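The data block below is coords-v9.cif; it holds mmCIF, C-alpha atoms.
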data_target
loop_
_atom_site.label_atom_id
_atom_site.label_comp_id
_atom_site.auth_asym_id
_atom_site.auth_seq_id
_atom_site.Cartn_x
_atom_site.Cartn_y
_atom_site.Cartn_z
CA MET K 1322 177.37 19.05 68.61
CA ALA K 1323 177.14 21.70 71.32
CA SER K 1324 173.34 21.74 71.17
CA ARG K 1325 173.17 17.95 71.43
CA MET K 1326 175.29 18.07 74.51
CA LEU K 1327 173.06 20.75 75.99
CA TRP K 1328 170.01 18.57 75.27
CA ALA K 1329 171.73 15.61 76.89
CA SER K 1330 172.59 17.75 79.87
CA ARG K 1331 169.00 18.87 80.29
CA ALA K 1332 167.60 15.38 79.76
CA ALA K 1333 170.00 13.96 82.33
CA SER K 1334 169.00 16.66 84.76
CA HIS K 1335 165.32 15.83 84.26
CA LEU K 1336 165.95 12.16 84.86
CA ARG K 1337 168.07 13.10 87.86
CA ILE K 1338 171.08 11.12 86.76
CA SER K 1339 174.60 12.49 86.94
CA VAL K 1340 175.38 14.75 84.09
CA PHE K 1341 178.39 13.43 82.31
CA HIS K 1342 180.59 16.04 80.76
CA ARG K 1343 182.51 15.49 77.58
CA GLY K 1344 185.74 13.64 78.21
CA PHE K 1345 187.55 16.52 76.54
CA SER K 1346 187.21 20.26 76.30
CA THR K 1347 188.47 22.29 73.42
CA VAL K 1348 191.66 24.02 74.48
CA LEU K 1349 193.19 26.36 71.92
CA LYS K 1350 196.89 26.88 71.55
CA ASP K 1351 198.26 30.42 71.50
CA LEU K 1352 196.06 31.38 74.44
CA HIS K 1353 196.86 31.79 78.12
CA TYR K 1354 194.55 30.30 80.72
CA ALA K 1355 193.57 31.02 84.31
CA GLU K 1356 192.78 28.30 86.83
CA SER K 1357 189.37 29.90 87.18
CA HIS K 1358 188.66 28.97 83.54
CA GLU K 1359 189.11 32.23 81.72
CA TRP K 1360 191.27 32.54 78.59
CA VAL K 1361 193.22 35.49 77.28
CA LYS K 1362 194.49 36.16 73.76
CA VAL K 1363 197.35 38.61 73.66
CA ASP K 1364 198.14 40.89 70.74
CA GLY K 1365 200.85 43.37 71.74
CA LYS K 1366 199.44 45.27 74.70
CA SER K 1367 195.88 44.33 73.88
CA ALA K 1368 194.25 41.32 75.56
CA THR K 1369 190.91 39.71 74.72
CA VAL K 1370 189.29 37.77 77.58
CA GLY K 1371 186.57 35.14 77.69
CA ILE K 1372 185.63 31.91 79.45
CA THR K 1373 186.73 28.52 78.21
CA ASP K 1374 184.85 25.69 76.55
CA HIS K 1375 185.23 23.67 79.78
CA ALA K 1376 183.61 26.51 81.74
CA GLN K 1377 180.65 27.00 79.41
CA ASP K 1378 180.06 23.26 79.27
CA HIS K 1379 179.78 23.11 83.05
CA LEU K 1380 177.63 26.22 83.33
CA GLY K 1381 174.96 25.10 80.91
CA ASP K 1382 172.85 27.64 79.05
CA VAL K 1383 174.16 31.13 79.72
CA VAL K 1384 171.23 33.50 80.05
CA TYR K 1385 172.98 36.70 81.09
CA VAL K 1386 176.47 38.16 81.12
CA GLU K 1387 177.36 41.02 83.42
CA LEU K 1388 180.14 43.16 81.98
CA PRO K 1389 182.08 46.13 83.35
CA ASP K 1390 181.98 49.60 81.84
CA VAL K 1391 184.55 50.64 79.24
CA GLY K 1392 187.26 52.47 81.12
CA ALA K 1393 187.01 50.27 84.23
CA GLU K 1394 190.22 49.00 85.77
CA VAL K 1395 190.68 45.26 86.10
CA LYS K 1396 193.25 43.35 88.10
CA GLN K 1397 194.59 39.86 87.60
CA GLY K 1398 192.65 37.40 89.73
CA GLU K 1399 189.89 39.85 90.65
CA GLY K 1400 186.26 39.68 89.60
CA PHE K 1401 185.21 41.89 86.72
CA GLY K 1402 181.78 40.56 85.89
CA ALA K 1403 179.50 37.57 86.14
CA VAL K 1404 177.85 34.87 84.12
CA GLU K 1405 174.36 33.64 84.90
CA SER K 1406 172.91 30.25 84.13
CA VAL K 1407 170.33 28.09 85.89
CA LYS K 1408 169.49 30.97 88.27
CA ALA K 1409 173.03 30.99 89.61
CA SER K 1410 175.16 33.97 88.92
CA SER K 1411 178.89 33.33 89.21
CA GLU K 1412 181.77 35.74 89.05
CA VAL K 1413 184.35 35.77 86.31
CA TYR K 1414 187.91 36.83 87.09
CA SER K 1415 190.29 38.83 84.99
CA PRO K 1416 193.42 36.95 83.95
CA VAL K 1417 195.22 40.27 83.32
CA SER K 1418 195.46 43.75 84.82
CA GLY K 1419 194.74 46.92 82.90
CA LYS K 1420 191.95 49.07 81.55
CA VAL K 1421 188.84 47.80 79.79
CA VAL K 1422 188.82 49.31 76.31
CA GLU K 1423 185.95 47.36 74.79
CA VAL K 1424 183.15 45.08 75.98
CA ASN K 1425 181.25 42.59 73.84
CA GLU K 1426 177.90 44.33 73.41
CA GLU K 1427 176.60 41.35 71.40
CA LEU K 1428 176.41 39.32 74.61
CA LYS K 1429 173.56 41.53 75.85
CA GLU K 1430 171.24 40.24 73.13
CA SER K 1431 172.91 36.88 72.58
CA PRO K 1432 174.41 35.51 75.80
CA ALA K 1433 174.29 32.02 74.24
CA LEU K 1434 177.32 32.98 72.13
CA VAL K 1435 179.31 32.12 75.26
CA ASN K 1436 178.11 28.53 74.90
CA SER K 1437 178.36 28.21 71.13
CA HIS K 1438 181.59 30.16 70.49
CA PRO K 1439 183.44 30.58 73.79
CA PHE K 1440 186.77 31.41 72.12
CA GLU K 1441 185.47 33.55 69.27
CA SER K 1442 182.30 35.64 69.24
CA GLY K 1443 181.62 34.78 72.92
CA TRP K 1444 184.53 36.97 74.14
CA PHE K 1445 183.80 39.22 77.15
CA ILE K 1446 186.19 42.18 77.31
CA LYS K 1447 189.26 43.66 75.68
CA VAL K 1448 191.89 45.02 78.05
CA GLU K 1449 194.84 47.32 77.52
CA MET K 1450 197.34 45.52 79.72
CA ASN K 1451 199.57 47.47 82.06
CA ASP K 1452 201.84 44.57 83.02
CA ALA K 1453 202.54 41.90 80.40
CA GLY K 1454 204.84 40.20 82.94
CA GLU K 1455 201.72 38.92 84.72
CA LEU K 1456 201.12 36.48 81.87
CA LYS K 1457 203.71 34.18 83.41
CA ASN K 1458 201.24 33.59 86.29
CA LEU K 1459 198.81 31.95 83.86
CA LEU K 1460 198.62 28.38 82.58
CA LYS K 1461 199.89 27.17 79.22
CA PRO K 1462 197.38 25.25 77.05
CA GLU K 1463 198.76 21.84 78.04
CA GLU K 1464 198.73 22.78 81.74
CA TYR K 1465 195.14 23.97 81.43
CA SER K 1466 194.14 20.76 79.60
CA LYS K 1467 195.56 18.78 82.48
CA LEU K 1468 193.54 20.83 84.97
CA CYS K 1469 190.35 20.15 83.00
CA ASP K 1470 191.11 16.43 82.83
CA GLU K 1471 191.62 16.34 86.58
CA GLU K 1472 188.38 18.22 87.18
CA ASN K 1473 186.43 16.00 84.79
CA SER K 1474 187.69 12.82 86.39
CA SER K 1475 186.86 14.01 89.89
CA HIS K 1476 183.12 14.45 89.13
CA MET B 517 170.09 18.08 113.68
CA ILE B 518 170.68 20.78 116.27
CA LEU B 519 173.87 20.34 118.28
CA ALA B 520 173.42 22.88 121.02
CA GLN B 521 171.40 25.96 121.77
CA ASN B 522 174.20 28.45 121.95
CA LEU B 523 172.64 31.72 122.93
CA CYS B 524 175.70 33.87 122.99
CA PHE B 525 174.88 37.52 123.01
CA ARG B 526 178.06 38.87 121.54
CA THR B 527 178.90 42.51 121.64
CA ILE B 528 178.80 43.47 118.03
CA PRO B 529 180.23 46.83 116.95
CA THR B 530 177.53 49.15 115.75
CA THR B 531 179.40 50.18 112.62
CA CYS B 532 179.04 46.82 110.99
CA ILE B 533 177.72 43.40 111.70
CA THR B 534 180.63 41.00 112.11
CA VAL B 535 180.51 37.34 112.79
CA LYS B 536 183.31 36.09 114.99
CA HIS B 537 184.74 32.92 113.59
CA GLN B 538 184.95 30.28 116.27
CA LYS B 539 187.03 27.22 115.58
CA GLU B 540 184.82 24.23 116.30
CA PRO B 541 186.40 21.08 117.74
CA HIS B 542 186.70 18.27 115.24
CA GLN B 543 184.26 15.51 115.97
CA VAL B 544 184.87 12.09 114.58
CA ASN B 545 181.75 10.08 113.97
CA PRO B 546 182.58 6.59 115.24
CA VAL B 547 180.37 4.88 112.66
CA THR B 548 181.45 6.58 109.47
CA GLN B 549 184.87 7.87 110.61
CA THR B 550 184.33 11.11 108.70
CA LYS B 551 185.15 14.55 110.00
CA THR B 552 181.89 16.26 110.95
CA LYS B 553 181.27 19.46 109.10
CA PHE B 554 179.64 22.26 111.03
CA CYS B 555 177.28 24.96 109.92
CA GLU B 556 176.45 27.94 112.10
CA CYS B 557 172.79 28.88 111.89
CA PHE B 558 171.32 32.30 112.62
CA ASP B 559 167.70 31.69 113.47
CA LEU B 560 165.63 34.77 112.72
CA HIS B 561 162.69 32.84 111.34
CA LYS B 562 160.17 34.73 113.48
CA GLU B 563 161.64 38.14 112.62
CA LEU B 564 160.94 40.55 109.78
CA ILE B 565 164.34 41.78 108.66
CA PRO B 566 164.70 44.71 106.23
CA TYR B 567 166.12 43.39 102.96
CA GLY B 568 168.98 45.89 102.81
CA LYS B 569 170.27 44.86 106.24
CA ALA B 570 170.20 41.17 105.41
CA TRP B 571 171.92 41.79 102.08
CA SER B 572 174.75 43.77 103.70
CA TRP B 573 175.10 41.12 106.37
CA GLN B 574 175.42 38.36 103.76
CA LYS B 575 178.08 40.28 101.85
CA GLN B 576 180.04 40.81 105.04
CA ILE B 577 179.95 37.10 105.82
CA VAL B 578 181.03 36.25 102.25
CA LYS B 579 183.97 38.68 102.57
CA GLU B 580 185.07 37.04 105.82
CA LYS B 581 184.84 33.57 104.35
CA LYS B 582 186.87 34.58 101.31
CA SER B 583 189.69 35.81 103.51
CA LEU B 584 189.62 32.57 105.52
CA VAL B 585 189.96 30.64 102.27
CA GLN B 586 192.78 32.88 101.12
CA ARG B 587 194.66 32.24 104.37
CA ASN B 588 194.03 28.50 103.91
CA GLU B 589 192.04 28.35 107.11
CA ASP B 590 188.96 26.25 107.77
CA CYS B 591 185.90 27.94 106.38
CA PRO B 592 182.73 26.59 107.99
CA ASP B 593 179.34 27.15 106.45
CA THR B 594 176.69 29.60 107.59
CA LEU B 595 172.94 29.53 107.30
CA ILE B 596 170.57 32.44 107.91
CA VAL B 597 166.81 31.89 108.10
CA LEU B 598 164.51 34.87 108.35
CA GLN B 599 161.47 36.66 106.96
CA HIS B 600 161.55 39.97 105.14
CA ASP B 601 159.40 43.07 105.19
CA PRO B 602 157.57 43.33 101.87
CA VAL B 603 160.10 43.90 99.10
CA TYR B 604 160.74 43.07 95.46
CA THR B 605 164.16 41.89 94.37
CA MET B 606 165.59 41.50 90.89
CA GLY B 607 168.54 39.46 89.69
CA THR B 608 171.54 40.62 87.67
CA GLY B 609 169.93 40.24 84.28
CA SER B 610 166.37 40.94 85.40
CA SER B 611 164.08 42.85 83.12
CA GLU B 612 161.79 45.66 84.28
CA LYS B 613 159.21 44.40 81.78
CA TYR B 614 158.27 41.81 84.42
CA LEU B 615 157.11 44.56 86.78
CA ASN B 616 153.43 45.39 86.36
CA PHE B 617 154.06 48.86 87.74
CA ASP B 618 156.28 51.85 87.14
CA ILE B 619 159.46 51.19 89.09
CA LYS B 620 159.48 54.82 90.24
CA LYS B 621 156.08 54.32 91.88
CA ALA B 622 156.61 50.78 93.19
CA PRO B 623 154.33 49.57 96.02
CA PHE B 624 157.41 48.36 97.95
CA ASP B 625 161.18 48.88 97.73
CA VAL B 626 162.81 47.23 94.73
CA TYR B 627 166.37 45.95 95.03
CA ARG B 628 168.51 44.99 92.08
CA THR B 629 170.90 42.36 93.39
CA GLU B 630 173.70 40.17 92.16
CA ARG B 631 171.82 36.88 92.34
CA GLY B 632 170.58 34.93 89.33
CA GLY B 633 166.96 34.88 88.27
CA GLU B 634 164.21 37.39 87.54
CA VAL B 635 162.00 39.45 89.84
CA THR B 636 160.42 37.98 92.93
CA TYR B 637 158.59 39.12 96.07
CA HIS B 638 159.58 38.59 99.69
CA GLY B 639 157.27 39.32 102.60
CA PRO B 640 155.81 38.14 105.89
CA GLY B 641 154.81 34.48 105.97
CA GLN B 642 157.62 33.51 103.60
CA LEU B 643 160.65 31.72 105.03
CA VAL B 644 163.85 32.90 103.40
CA MET B 645 166.94 30.78 103.71
CA TYR B 646 170.40 32.13 102.90
CA PRO B 647 173.01 29.37 102.91
CA ILE B 648 176.40 31.05 102.77
CA ILE B 649 178.43 27.97 102.16
CA ASN B 650 181.85 27.16 100.81
CA LEU B 651 181.26 24.78 97.94
CA ARG B 652 184.82 23.56 98.45
CA ASN B 653 183.38 21.82 101.53
CA HIS B 654 180.84 20.07 99.32
CA LYS B 655 180.97 19.92 95.53
CA MET B 656 182.30 22.67 93.30
CA ASP B 657 179.33 22.25 91.01
CA LEU B 658 176.58 24.85 90.67
CA HIS B 659 174.08 22.44 89.16
CA TRP B 660 174.53 20.09 92.07
CA TYR B 661 174.10 22.97 94.52
CA LEU B 662 170.83 24.15 93.00
CA ARG B 663 169.43 20.62 92.82
CA ALA B 664 170.44 20.13 96.46
CA LEU B 665 168.59 23.31 97.50
CA GLU B 666 165.50 22.08 95.66
CA GLU B 667 165.89 18.71 97.36
CA VAL B 668 165.79 20.35 100.80
CA VAL B 669 162.42 21.96 100.07
CA ILE B 670 160.97 18.90 98.31
CA ARG B 671 161.79 16.82 101.40
CA VAL B 672 160.29 19.42 103.75
CA LEU B 673 157.03 19.43 101.82
CA SER B 674 156.89 15.66 101.63
CA SER B 675 157.99 14.66 105.13
CA THR B 676 156.20 17.37 107.09
CA PHE B 677 153.14 18.20 105.01
CA SER B 678 152.69 15.16 102.77
CA ILE B 679 152.79 17.53 99.79
CA LYS B 680 154.23 15.94 96.69
CA ALA B 681 156.43 18.58 95.10
CA SER B 682 158.79 18.30 92.19
CA ARG B 683 161.27 20.00 89.92
CA ILE B 684 160.37 21.20 86.44
CA GLU B 685 163.21 20.76 84.02
CA GLY B 686 164.60 24.10 82.95
CA PHE B 687 162.77 26.02 85.70
CA THR B 688 164.79 26.12 88.90
CA GLY B 689 162.54 26.09 91.94
CA VAL B 690 160.11 23.78 93.69
CA TRP B 691 156.71 23.15 92.14
CA VAL B 692 153.40 21.58 93.04
CA GLY B 693 151.65 21.18 89.74
CA ASN B 694 151.69 24.58 88.09
CA GLN B 695 152.34 26.45 91.33
CA LYS B 696 155.77 27.49 92.45
CA LEU B 697 156.15 27.15 96.20
CA ALA B 698 159.82 27.99 96.49
CA ALA B 699 161.91 30.34 94.38
CA ILE B 700 165.67 29.96 94.21
CA GLY B 701 168.31 32.41 93.07
CA VAL B 702 171.95 32.38 94.08
CA ARG B 703 175.27 34.08 93.58
CA VAL B 704 178.62 32.35 93.79
CA SER B 705 181.84 34.20 94.36
CA LYS B 706 185.06 32.18 94.60
CA TRP B 707 182.89 29.18 95.40
CA ILE B 708 181.17 30.92 98.33
CA THR B 709 177.41 30.97 97.81
CA TYR B 710 174.92 33.55 98.93
CA HIS B 711 171.29 34.52 98.39
CA GLY B 712 169.19 31.34 98.35
CA ILE B 713 165.62 30.09 98.76
CA ALA B 714 162.27 31.71 99.47
CA LEU B 715 159.55 29.28 100.58
CA ASN B 716 155.94 30.51 100.76
CA VAL B 717 154.48 29.19 104.00
CA ASN B 718 151.49 31.45 104.72
CA THR B 719 152.53 34.41 102.59
CA ASP B 720 149.90 36.81 101.31
CA LEU B 721 150.37 36.08 97.62
CA THR B 722 148.68 39.27 96.35
CA PRO B 723 151.96 41.17 95.76
CA PHE B 724 153.00 38.43 93.32
CA SER B 725 150.19 39.51 91.05
CA TRP B 726 151.87 42.90 90.64
CA ILE B 727 154.86 41.25 88.95
CA VAL B 728 155.49 38.38 86.56
CA PRO B 729 157.21 36.18 89.16
CA CYS B 730 160.56 34.88 87.93
CA GLY B 731 159.55 36.05 84.44
CA LEU B 732 157.16 33.12 83.98
CA ARG B 733 153.85 34.33 82.58
CA ASP B 734 151.92 31.09 82.43
CA ARG B 735 152.75 29.78 85.89
CA GLN B 736 151.36 30.52 89.34
CA VAL B 737 152.70 31.00 92.84
CA GLY B 738 151.46 28.89 95.75
CA SER B 739 151.96 28.53 99.47
CA ILE B 740 151.97 25.67 101.95
CA LYS B 741 148.94 27.13 103.71
CA GLY B 742 147.07 27.48 100.43
CA LEU B 743 147.71 23.86 99.50
CA LEU B 744 146.74 22.59 102.95
CA GLN B 745 143.49 24.56 102.80
CA GLU B 746 142.69 23.20 99.34
CA SER B 747 143.34 19.73 100.57
CA GLN B 748 141.19 20.22 103.68
CA LEU B 749 138.29 21.62 101.66
CA SER B 750 138.49 18.84 99.13
CA THR B 751 138.38 16.18 101.83
CA ARG B 752 135.47 18.05 103.39
CA CYS B 753 137.18 18.58 106.72
CA GLY B 754 135.21 21.76 107.28
CA GLU B 755 136.47 25.32 107.31
CA ALA B 756 140.25 25.63 107.21
CA ASP B 757 141.47 27.16 110.42
CA THR B 758 143.16 30.45 109.71
CA SER B 759 143.82 31.63 113.23
CA ASN B 760 146.99 33.56 113.98
CA SER B 761 148.35 30.96 116.35
CA ASP B 762 148.09 28.33 113.61
CA ASP B 763 150.00 30.63 111.25
CA CYS B 764 152.83 30.94 113.77
CA GLU B 765 152.81 27.23 114.29
CA LEU B 766 153.01 26.64 110.54
CA ILE B 767 156.05 28.90 110.29
CA ASP B 768 157.71 27.16 113.24
CA ILE B 769 157.04 23.69 111.89
CA SER B 770 158.30 24.70 108.43
CA TYR B 771 161.43 26.25 109.92
CA ARG B 772 162.32 23.17 111.97
CA SER B 773 161.77 20.96 108.98
CA LEU B 774 163.93 23.17 106.73
CA ILE B 775 166.80 22.98 109.21
CA LYS B 776 166.48 19.21 109.55
CA GLU B 777 166.38 18.57 105.81
CA PHE B 778 169.15 21.08 105.06
CA SER B 779 171.32 19.33 107.62
CA GLU B 780 170.68 15.95 106.00
CA VAL B 781 171.02 16.97 102.35
CA PHE B 782 174.25 18.89 102.97
CA GLN B 783 175.54 16.53 105.68
CA LEU B 784 176.13 19.32 108.16
CA GLU B 785 175.81 19.56 111.93
CA ILE B 786 173.81 22.71 112.65
CA CYS B 787 175.05 24.91 115.47
CA GLN B 788 172.52 27.56 116.47
CA LYS B 789 173.80 31.05 117.12
CA ALA B 790 171.76 34.11 118.04
CA ILE B 791 172.20 37.74 117.12
CA PRO B 792 170.49 40.26 119.35
CA MET B 793 167.77 42.01 117.36
CA SER B 794 168.90 45.44 118.51
CA GLU B 795 172.27 44.92 116.82
CA LEU B 796 170.81 43.80 113.53
CA LEU B 797 168.53 46.80 113.30
CA THR B 798 171.21 49.36 114.22
CA GLU B 799 172.06 51.80 111.44
CA ASN B 800 175.22 50.59 109.73
CA ASN B 801 177.09 50.53 106.41
#

Could you spell out this file's structure in structure tokens?
Amino acid sequence: MASRMLWASRAASHLRISVFHRGFSTVLKDLHYAESHEWVKVDGKSATVGITDHAQDHLGDVVYVELPDVGAEVKQGEGFGAVESVKASSEVYSPVSGKVVEVNEELKESPALVNSHPFESGWFIKVEMNDAGELKNLLKPEEYSKLCDEENSSH
Amino acid sequence: MILAQNLCFRTIPTTCITVKHQKEPHQVNPVTQTKTKFCECFDLHKELIPYGKAWSWQKQIVKEKKSLVQRNEDCPDTLIVLQHDPVYTMGTGSSEKYLNFDIKKAPFDVYRTERGGEVTYHGPGQLVMYPIINLRNHKMDLHWYLRALEEVVIRVLSSTFSIKASRIEGFTGVWVGNQKLAAIGVRVSKWITYHGIALNVNTDLTPFSWIVPCGLRDRQVGSIKGLLQESQLSTRCGEADTSNSDDCELIDISYRSLIKEFSEVFQLEICQKAIPMSELLTENN
């Protein structure tokens, strides 16, 4: 399904017609979301971060992911890396503050995992959070779904 | 279209290049009743600017725009047009395998930057355009932005030189047949864009042969001058004139056309601003 949508996206681009995006994006429960389209899965003090299905759908084929070093400090709302597609490199922002304890090395060889499995094997970093209270600043799944719907309808 | 020649020689501190934000008066277009959007343009199209200086300058402008956005203030767009001294630049995910030389013994400086795309060359005769724009003023859509940048160059080539250029699906940039005339690579940070387009006008293309440009092995690089010469020879108009004054004229014509088409594609009123050369070349950062 994802690859058909990518083909449609590329074909539409070639024909220079507006690229329609899916009327829905997969939004998983039990995750927290940032308005900048990152998700975070919390397990105690450990947080796994990635970008959402909505984000990867809009980016198109991801060709490169820029990740921080293990040990780097991240802050909620601040850039920690970047995602490149179509010769545009755009920043990704951390939904939580803390220390990076692991980065997804698989993304070096297989950046397309971000497109195919944005919530699973396409994760970016794992963070040891230093302030779980910050999670209240993030969106719940239904709030994030609403944001995506609004963005989709405004295209 | 150019609103006014505003040659204001500001005193710029020598420790860093800052751009003073001037609030432009709102101008209501009586026909369309839309608020005119302004874009300040720094015209350095005849100058050779060291890459490092231009890069620092862009980042400074991006930082200023981000703080305007954070304070919910108007954030007008900026455009810089210049030429570079010979230099190679690589994007975030660029591979050194596309360099046909040992990076430690490179013929020119090599910069690894935060833009997208693989290695490319910048040098005299190539017009480089850095739109530092707030996509919130336009469309928060990277695909749209890249297609719009391509559109600017395609229109320049068509309207000014009668060159039919096109896009190639999957290969961002502007092409004439198998030759790439303009390379594009951008970075977006909180919807503020930087880096941009490099259009070969009368560039010496030799340094491209020392790399695999944009990582594409089976494609070529072209220039406006090269295509015009080919066309002249094929229509038997005699020897193509390669005098220096014609080269300068070609750069000037290309520059004016780029500004005009950029203004139309992005629906912006261009306001020319000048930076004294001595300030730009002062040691800073």

Query raised in the report: Can you list, as a PyMOL selection string, every protein, DNA or RNA residue that comes within 9 Å of region 1351-1356 of chain K when you count all atoms listed in the file, leaving out same-chain residues fewer than 3 positions away?
Result: chain K and resi 1348+1359-1363+1373+1398+1414-1416+1456-1462+1464-1465+1468

Query - chain B contacts on chain K, all atoms listed in the file, 6 Å, as a list in words - result: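 Listed by rising number, the hits are His1335, Tyr1385, Glu1405, Lys1408, Ala1409, Ser1410, Ser1411 and Glu1412 of chain K.
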
Requested in this report: Give the answer as one residue: which of B:Glu580, B:Glu563, B:Glu667, B:Glu556 has the shortest atom-to-atom distance to Asp593 (chain B), using only C-alpha atoms?
Outcome: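 Going through B:Glu580, B:Glu563, B:Glu667, B:Glu556 one by one, the smallest distance to Asp593 (chain B) is for B:Glu556.
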
Query raised in the report: How many Å separate CA of Lys776 (chain B) from CA of Ser747 (chain B)?
Result: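 A separation of 24.8 Å between them.
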
Query - Interatomic distance, CA of Asp1382 (chain K) to CA of Val1407 (chain K) (Å, one decimal) - result: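 Result for CA of Asp1382 (chain K) versus CA of Val1407 (chain K): 7.3 Å, one decimal.
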
Report task. Choose the residue, out of B:Leu784, B:Val644, B:Val668, B:Leu721, that has the smallest atom-to-atom separation from Ser739 (chain B); count only C-alpha atoms. Result -> B:Leu721

Query raised in the report: B:Ile679, B:Ile786, B:Val690, B:Cys764: which is nearest Ala664 (chain B), counting only C-alpha atoms?
Result: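 Of all the options, B:Val690 lies closest to Ala664 (chain B).
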